[in-house]
Amino acid sequence: MPGFKLEKIHDFFRGAFSSWEKRARREGRDVLKAVLEDAGNSVWEWNVQSNEAHFSRQWMSMLGYDAHDMGGDISFWERLVHPDDRDKTFAAFALLVRGEVKTVNCEYRILHRDGDYRWVLNMARVVARDGRPLRMIVVQTDVTRQKQNEEALRESEEKYRILFEESNDLIFIFNPDGTFRYANRAFAKAVGMDVSDIPGQLVWHMFPQEEANRLHAAVTEVFADGRHHVMEIWVPRPSEAHYYMTSIDPVKTREEGVGSVMCIAKDITERKKAEEELLKSRDLTAKVFGNFPMAVYMKDYKNDGRYVIGNKMWDDLRRNSPQLSRVLSEFEDAALSTGSAVTFEHTVPASDGRLSTLKSNLIPLYDERGRLEYLLGMSEDVSDLKQMEAELVAKDAALAQASTEKAIAALVAGLSHDINNALGGITGGQDLTRMYLSRMEKTLARIETARGELAQALPSAPTEDPSTRPETGGNGFFPPLQHFLTGQLPRQLLEFRKNLEAARKYLSYVDSGGLVIRDVTSGIRDYVKRDHSLGSFEMRPAIRGAVSLSKGQYKPMAQDQGKTVSVEICETSPPVTVFGNAGEFMGVVVNLINNAVAEFPRGGSNVISISWEKEENTQAEDVIRVCVANDGPPIPEHVLARLFAEKVRSTHGGSGIGLLAVKSTLDRFGARIRHTTDFIPPEKNGRPADEARRGKSWTTFEMDLLIADAREETRRIPEKPPVLRRLLVVDDEKYMLDIMEKYAENLGHSAVIFDNPKDALTWYREHSDDVDVVISDQCMPDMNGCEMISTMKSLEPEKTFMIMTGHGALTLSREDTKDVHLLVRKPFDQQELCCAIEDAIAASRRPPERAGNS
């Protein structure tokens with residue numbers, strides 16, 4: 001074949017092969033790209049010749065990036081690597097590129113799109129041709145959580161190591177073969193060794209023989225049974241021996257076997273010394289007994305409560321008063337139940353028939369484990385002293401009674417003023433808030449009406465014909481307005497109406513709270529006035545007042561004795577009025593509450609429930625049955641037989657005179673009281689009592705009180721429209737002035753206000769003709785309201801003057817209010833003020849009474 005033809009054939013095949021090679025390379029790159037894009041792991045590629053880099057979607061997703069964020073070369077990856085990790089990472093990859101290693105695994109931090117760095121593990125391999133590296137394929141795994149766990153574990157181990165090392169307690173751990181695995185510095189110091197020398201040692205190397213045997217036996221037992229042990233060990237030291245209370249606990253393996261045993265020992269040397277001192281003290285006490293100038297005696301409760309010690313004076317008292325031991329035993333329960341000393345006075349008959357008065361102290365003594373050991377008693381004959389005290393008390397009784405009643409009256413007056421003054425602000429604020437809410441609801445209704453009318457007036461939809469569309473601008477005005485009127489505005493109005501309803505709901509809470517405060521203060525005032533006349537009173541205020549008073553007595557008693565007591569008043573009990581005396585009835589309830597609290601066991605949690613319902617007694621009379629029930633222990637049978645009899649002692653050491661007084665008081669009312677256990681707790685917050693409370697045996701006192709004819713409260717309606725008046729208002733409380741000014745404005749009156757009576761008097765001298773009615777607070781600095789009004793009336797006798805006060809008539813005499821036409825008690829509302837102004841004007845125009853008229 002001619003040579004030129006061979007050359008043409010050769011050129012043809014060389015061109016063909018070159019084309020096939022290029023296409024194969026291109027297809028190979030496309031396949032690799034597809035693999036990188038769809039790889040399950042995070043994969044990226046670096047062309048080490050051109051520095052081009054390609055990252056899979058999984059790689060981008062792992063770090064929060066997308067395709068728009070990616071760079072096309074290795075510099076993009078380099079910028080993401082943490083500056084502290086770049087050098088070591090490039091050094092690892094350089095080893096791979098140079099062919100010194102076949103694969104590289106390296107960890108480094110790389111920047112996430114959220115700004116935080118993530119820890120990643122890269123496994124890289126180089127693809128080479130003819131010994132030359134072409135590109136590096138890297139598979140990347142996120143190991144951030146693993147790194148965090150490793151760091152948390154390291155910190156936890158370091159914390160426990162510090163706790164162990166710095167602990168003042170002795171901490172040491174044993175291996176299964178009985179050798180020491182670990183000991184902290186406190187243990188090493190206690191046994192006089194270096195910490196590093198202890199591991200591998202046996203207990204006999206550092207404890208006395210006997211103590212080492214005991215400790216080794218206990219540790220061996222824990223390895224065997226896996227149970228916690230406690231023992232006391234002692235360690236001799238050059239200065240003195242130290243005692244340690246040691247807790248021995250198993251350290252379990254994953255297979256629930258005992259891998260090691262850990263001991264924690266606390267130094268109790270000082271406690272051991274105290275015990276020795278106590279023994280010495282008891283010996284000294286025994287010596288003092290014989291020479292003490294009082295009757296001293298002791299009962300041994302480890303030996304059936306027998307008298308084991310008594311000095312000479314005790315023997316003399318028992319010989320002269322044979323019943324002394326029996327009388328003292330009645331008070332021992334009080335000392336034993338409270339766990340603390342009790343002091344009391346009592347009388348005992350002597351051999352010659354006389355009664356001697358003794359003052360005795362009973363003190364329970366307990367061992368270090370809290371178990372009763374002895375009851376120490378001391379008694380002193382105070383008969384002569386009591387006689388002198390009785391004479392002194394008789395002389396001072398009248399003065400003390402007068403002073404007490406005066407002090408109580410002053411205290412109640414001050415409390416009444418402060419509380420009612422504050423209630424005046426609350427009532428006024430409620431009244432005005434309720435008025436503003438009503439106005440807002442009316443305004444809201446007008447807005448909703450206008451919204452509906454405007455929405456109907458607008459076109460329902462924009463027209464398609466541009467020639468018929470209203471000229472309202474390029475973007476159109478009516479569609480947004482239609483959307484606002486039918487969408488946004490109704491939602492805002494609904495939210496506004498919800499807020500109004502919420503405001504009314506919470507305003508009702510304030511109303512209820514104000515009524516409770518008013519009821520309680522009214523009940524307390526009736527209680528301390530000591531009025532013994534019989535009439536009618538409302539049940540709920542009297543009950544609330546009694547609970548409020550008793551809290552000051554039973555709360556400290558319960559706290560001292562480790563008790564938790566709550567008193568619940570049944571809110572579903574009806575509003576009723578009964579016959580009797582409010583103050584004395586409050587005393588009855590206080591007595592029953594305090595007696596129940598005294599009977600409750602130490603450390604317990606008890607409930608006292610007070611409820612009442614309308615019932616019919618055995619005489620077919622309508623009565624209110626009041627139940628004062630408690631879930632404490634039942635009353636003993638021997639006490640129940642004579643419960644309301646004279647001198648029946650209670651289990652807590654009381655004389656029993658309280659229940660006798662309760663019965664006597666109720667007898668005055670024509671009421672009856674009895675004891676029962678047939679009681680079901682009332683519903684609370686609309687839910688029945690739980691089964692646990694139903695299952696208890698409630699101790700209940702039921703009182704049947706006669707129903708009184710209660711007058712229904714009538715509320716005057718002011719005239720409409722009211723006559724417009726010009727008012728001068730004086731009050732040192734600025735919030736009351738603000739309320740009074742708003743009241744006047746709402747009623748159509750005009751008002752001038754002052755917060756200082758002297759400034760008001762100065763203004764009045766020049767402008768008295770501009771005033772119809774003067775309304776003043778009573779208690780103000782520098783000058784009270786009655787004094788200011790007396791001065792004003794001397795200038796203008798024809799004016800109308802009113803006093804408003806939180807005291808009421810409690811401290812104001814007839815002489816104080818001689819120039820006042822009407823006294824208004826705080827709190828009051830807008831309607832009451834309107835009626836009061838007209839009543840005061842009517843009173844000022846009434847002709848004065850003639851002298852001698854009553």
# chains A, B, ... in the order shown; residues from 1 in each chain; ligands from 1
$ residues_around --residues "stretch 331-338 of chain A" --least-positions-apart "6" --cutoff "12 Å" --atoms "only C-alpha atoms" --output "number ranges by chain"
A: 298-299, 301, 305, 324-325, 344-346, 360-366, 371-377, 557-563, 598-603, 649-655
$ residues_around --residues "A:Asp69" --least-positions-apart "5" --cutoff "10 Å" --atoms "only C-alpha atoms" --output "list in words"
Met60, Gly64, Phe76 and Arg113 of chain A
$ write_last_selection --atoms "N, CA and C atoms" --output "CSV table (one decimal), in the first residue's frame"
chain,number,residue,atom,x,y,z
A,60,MET,N,-23.3,21.4,51.3
A,60,MET,CA,-23.9,22.8,51.5
A,60,MET,C,-25.0,22.8,52.5
A,64,GLY,N,-25.5,24.9,55.9
A,64,GLY,CA,-26.5,26.0,55.8
A,64,GLY,C,-26.3,26.9,54.5
A,76,PHE,N,-12.6,29.7,48.6
A,76,PHE,CA,-13.9,29.7,49.3
A,76,PHE,C,-13.8,28.8,50.6
A,113,ARG,N,-23.3,28.9,58.2
A,113,ARG,CA,-23.9,30.2,57.7
A,113,ARG,C,-24.5,31.0,58.8
$ atom_distance --atom1 "atom CA of A:Tyr182" --atom2 "atom CA of A:Thr253"
17.1 Å
$ residues_around --residues "A:Gly257" --least-positions-apart "3" --cutoff "12 Å" --atoms "only C-alpha atoms" --output "list of chain:residue names"
A:Pro176, A:Val222, A:Phe223, A:Ala224, A:Asp225, A:Gly226, A:Arg227, A:Pro250, A:Val251, A:Lys252, A:Thr253, A:Arg254, A:Ser260, A:Val261
$ residues_around --residues "A:Ser611" --least-positions-apart "5" --cutoff "8 Å" --atoms "only C-alpha atoms" --output "list in words"
Ile569, Cys570, Ser573, Val626, Cys627, Val628 and Pro682 of chain A
$ write_last_selection --atoms "all heavy atoms" --output "PDB file, in the first residue's frame"
ATOM      1  N   ILE A 569     -63.599  28.978 104.617  1.00  0.00           N
ATOM      2  CA  ILE A 569     -64.988  29.414 104.761  1.00  0.00           C
ATOM      3  C   ILE A 569     -65.720  29.024 103.484  1.00  0.00           C
ATOM      4  O   ILE A 569     -65.289  29.380 102.386  1.00  0.00           O
ATOM      5  CB  ILE A 569     -65.079  30.932 104.989  1.00  0.00           C
ATOM      6  CG1 ILE A 569     -64.284  31.320 106.241  1.00  0.00           C
ATOM      7  CG2 ILE A 569     -66.524  31.383 105.103  1.00  0.00           C
ATOM      8  CD1 ILE A 569     -64.231  32.823 106.478  1.00  0.00           C
ATOM      9  N   CYS A 570     -66.794  28.282 103.610  1.00  0.00           N
ATOM     10  CA  CYS A 570     -67.543  27.805 102.443  1.00  0.00           C
ATOM     11  C   CYS A 570     -68.193  28.995 101.731  1.00  0.00           C
ATOM     12  O   CYS A 570     -69.063  29.665 102.296  1.00  0.00           O
ATOM     13  CB  CYS A 570     -68.594  26.786 102.870  1.00  0.00           C
ATOM     14  SG  CYS A 570     -69.583  26.171 101.488  1.00  0.00           S
ATOM     15  N   SER A 573     -72.148  29.008 101.097  1.00  0.00           N
ATOM     16  CA  SER A 573     -73.112  29.189 102.179  1.00  0.00           C
ATOM     17  C   SER A 573     -73.907  30.468 101.940  1.00  0.00           C
ATOM     18  O   SER A 573     -73.357  31.489 101.521  1.00  0.00           O
ATOM     19  CB  SER A 573     -72.387  29.240 103.531  1.00  0.00           C
ATOM     20  OG  SER A 573     -71.773  27.993 103.810  1.00  0.00           O
ATOM     21  N   VAL A 626     -74.703  26.146 111.750  1.00  0.00           N
ATOM     22  CA  VAL A 626     -73.311  26.491 111.463  1.00  0.00           C
ATOM     23  C   VAL A 626     -72.429  25.323 111.887  1.00  0.00           C
ATOM     24  O   VAL A 626     -72.531  24.851 113.024  1.00  0.00           O
ATOM     25  CB  VAL A 626     -72.885  27.771 112.217  1.00  0.00           C
ATOM     26  CG1 VAL A 626     -71.453  28.157 111.840  1.00  0.00           C
ATOM     27  CG2 VAL A 626     -73.840  28.916 111.899  1.00  0.00           C
ATOM     28  N   CYS A 627     -71.587  24.829 110.961  1.00  0.00           N
ATOM     29  CA  CYS A 627     -70.669  23.720 111.243  1.00  0.00           C
ATOM     30  C   CYS A 627     -69.242  24.242 111.278  1.00  0.00           C
ATOM     31  O   CYS A 627     -68.757  24.786 110.281  1.00  0.00           O
ATOM     32  CB  CYS A 627     -70.779  22.632 110.170  1.00  0.00           C
ATOM     33  SG  CYS A 627     -72.364  21.773 110.168  1.00  0.00           S
ATOM     34  N   VAL A 628     -68.588  24.086 112.422  1.00  0.00           N
ATOM     35  CA  VAL A 628     -67.152  24.345 112.545  1.00  0.00           C
ATOM     36  C   VAL A 628     -66.494  22.985 112.712  1.00  0.00           C
ATOM     37  O   VAL A 628     -66.558  22.384 113.789  1.00  0.00           O
ATOM     38  CB  VAL A 628     -66.843  25.279 113.736  1.00  0.00           C
ATOM     39  CG1 VAL A 628     -65.340  25.539 113.828  1.00  0.00           C
ATOM     40  CG2 VAL A 628     -67.604  26.592 113.601  1.00  0.00           C
ATOM     41  N   PRO A 682     -67.810  20.578 102.435  1.00  0.00           N
ATOM     42  CA  PRO A 682     -68.560  21.242 101.351  1.00  0.00           C
ATOM     43  C   PRO A 682     -67.725  21.355 100.090  1.00  0.00           C
ATOM     44  O   PRO A 682     -66.512  21.164 100.096  1.00  0.00           O
ATOM     45  CB  PRO A 682     -68.840  22.633 101.948  1.00  0.00           C
ATOM     46  CG  PRO A 682     -67.718  22.856 102.915  1.00  0.00           C
ATOM     47  CD  PRO A 682     -67.397  21.516 103.483  1.00  0.00           C
TER      48      PRO A 682
END
$ select_by_dssp --residues "stretch 493-635 of chain A" --states "strand (DSSP E or B)" --output "ChimeraX atom specification"
/A:535-538,564-569,577-580,605-616,622-630
$ atom_distance --atom1 "atom CA of A:Pro208" --atom2 "atom CA of A:Arg271"
21.9 Å
$ residues_around --residues "stretch 697-704 of chain A" --least-positions-apart "3" --cutoff "7 Å" --atoms "only C-alpha atoms" --output "list of chain:residue names"
A:Val623, A:Ile624, A:Arg625, A:Val626, A:Cys627, A:Val628, A:Ala629, A:Asn630, A:Asp631, A:Gly632, A:Pro634, A:Ala671, A:Arg672, A:Ile673, A:Arg674, A:His675, A:Thr676, A:Thr677, A:Phe679
$ write_last_selection --atoms "N, CA, C and O atoms" --output "CSV table (one decimal), in the first residue's frame"
chain,number,residue,atom,x,y,z
A,623,VAL,N,-83.8,27.5,111.5
A,623,VAL,CA,-82.6,27.9,112.1
A,623,VAL,C,-81.5,27.9,111.1
A,623,VAL,O,-81.7,27.3,110.0
A,624,ILE,N,-80.4,28.5,111.4
A,624,ILE,CA,-79.2,28.4,110.6
A,624,ILE,C,-78.2,27.5,111.3
A,624,ILE,O,-77.8,27.8,112.4
A,625,ARG,N,-77.9,26.4,110.7
A,625,ARG,CA,-77.0,25.4,111.3
A,625,ARG,C,-75.5,25.7,110.8
A,625,ARG,O,-75.2,25.5,109.7
A,626,VAL,N,-74.7,26.1,111.7
A,626,VAL,CA,-73.3,26.5,111.5
A,626,VAL,C,-72.4,25.3,111.9
A,626,VAL,O,-72.5,24.9,113.0
A,627,CYS,N,-71.6,24.8,111.0
A,627,CYS,CA,-70.7,23.7,111.2
A,627,CYS,C,-69.2,24.2,111.3
A,627,CYS,O,-68.8,24.8,110.3
A,628,VAL,N,-68.6,24.1,112.4
A,628,VAL,CA,-67.2,24.3,112.5
A,628,VAL,C,-66.5,23.0,112.7
A,628,VAL,O,-66.6,22.4,113.8
A,629,ALA,N,-65.9,22.5,111.6
A,629,ALA,CA,-65.4,21.1,111.6
A,629,ALA,C,-63.9,21.1,111.3
A,629,ALA,O,-63.4,21.9,110.6
A,630,ASN,N,-63.2,20.1,111.9
A,630,ASN,CA,-61.8,19.9,111.7
A,630,ASN,C,-61.5,18.5,111.4
A,630,ASN,O,-62.2,17.6,111.9
A,631,ASP,N,-60.4,18.2,110.6
A,631,ASP,CA,-60.0,16.8,110.3
A,631,ASP,C,-58.9,16.3,111.2
A,631,ASP,O,-58.2,15.4,110.8
A,632,GLY,N,-58.9,16.8,112.5
A,632,GLY,CA,-57.9,16.4,113.4
A,632,GLY,C,-58.3,15.1,114.1
A,632,GLY,O,-59.3,14.5,113.8
A,634,PRO,N,-60.1,12.6,116.8
A,634,PRO,CA,-61.4,12.7,117.4
A,634,PRO,C,-61.2,13.0,118.9
A,634,PRO,O,-60.2,12.7,119.5
A,671,ALA,N,-79.6,29.7,121.2
A,671,ALA,CA,-79.0,28.8,120.2
A,671,ALA,C,-78.6,27.5,121.0
A,671,ALA,O,-78.6,27.4,122.2
A,672,ARG,N,-78.3,26.5,120.2
A,672,ARG,CA,-77.9,25.2,120.7
A,672,ARG,C,-76.6,24.8,120.0
A,672,ARG,O,-76.3,25.1,118.9
A,673,ILE,N,-75.8,24.0,120.8
A,673,ILE,CA,-74.5,23.5,120.2
A,673,ILE,C,-74.4,22.0,120.6
A,673,ILE,O,-74.8,21.6,121.7
A,674,ARG,N,-73.8,21.2,119.6
A,674,ARG,CA,-73.6,19.8,119.9
A,674,ARG,C,-72.4,19.4,119.1
A,674,ARG,O,-72.0,20.0,118.2
A,675,HIS,N,-71.9,18.2,119.5
A,675,HIS,CA,-70.7,17.6,118.8
A,675,HIS,C,-71.2,16.5,118.0
A,675,HIS,O,-72.1,15.7,118.3
A,676,THR,N,-70.6,16.3,116.7
A,676,THR,CA,-71.0,15.2,115.8
A,676,THR,C,-69.8,14.9,115.0
A,676,THR,O,-68.9,15.7,114.8
A,677,THR,N,-69.8,13.7,114.4
A,677,THR,CA,-68.8,13.3,113.4
A,677,THR,C,-69.4,13.1,112.1
A,677,THR,O,-68.7,12.6,111.1
A,679,PHE,N,-70.2,14.5,109.1
A,679,PHE,CA,-69.9,15.7,108.4
A,679,PHE,C,-69.3,15.4,107.0
A,679,PHE,O,-68.5,14.5,106.9
$ residues_around --residues "stretch 190-200 of chain A" --least-positions-apart "5" --cutoff "8 Å" --atoms "only C-alpha atoms" --output "PDB file with C-alpha atoms, in the first residue's frame"
ATOM      1  CA  LEU A 170     -12.581  11.591 103.931  1.00  0.00           C
ATOM      2  CA  THR A 179      -6.729  -2.649  98.183  1.00  0.00           C
ATOM      3  CA  PHE A 180      -7.198   1.093  97.918  1.00  0.00           C
ATOM      4  CA  ARG A 181      -8.032   2.399  94.449  1.00  0.00           C
ATOM      5  CA  TYR A 182      -8.335   6.108  95.357  1.00  0.00           C
ATOM      6  CA  ALA A 183      -8.117   8.453  98.359  1.00  0.00           C
ATOM      7  CA  ASN A 184      -8.522  12.227  98.520  1.00  0.00           C
ATOM      8  CA  ARG A 185      -6.223  14.680 100.273  1.00  0.00           C
ATOM      9  CA  MET A 206      -2.995   2.832 107.994  1.00  0.00           C
ATOM     10  CA  PHE A 207      -5.627   1.814 110.603  1.00  0.00           C
ATOM     11  CA  VAL A 235      -8.184   7.153 113.620  1.00  0.00           C
ATOM     12  CA  ARG A 237      -3.421  11.026 115.635  1.00  0.00           C
TER      13      ARG A 237
END
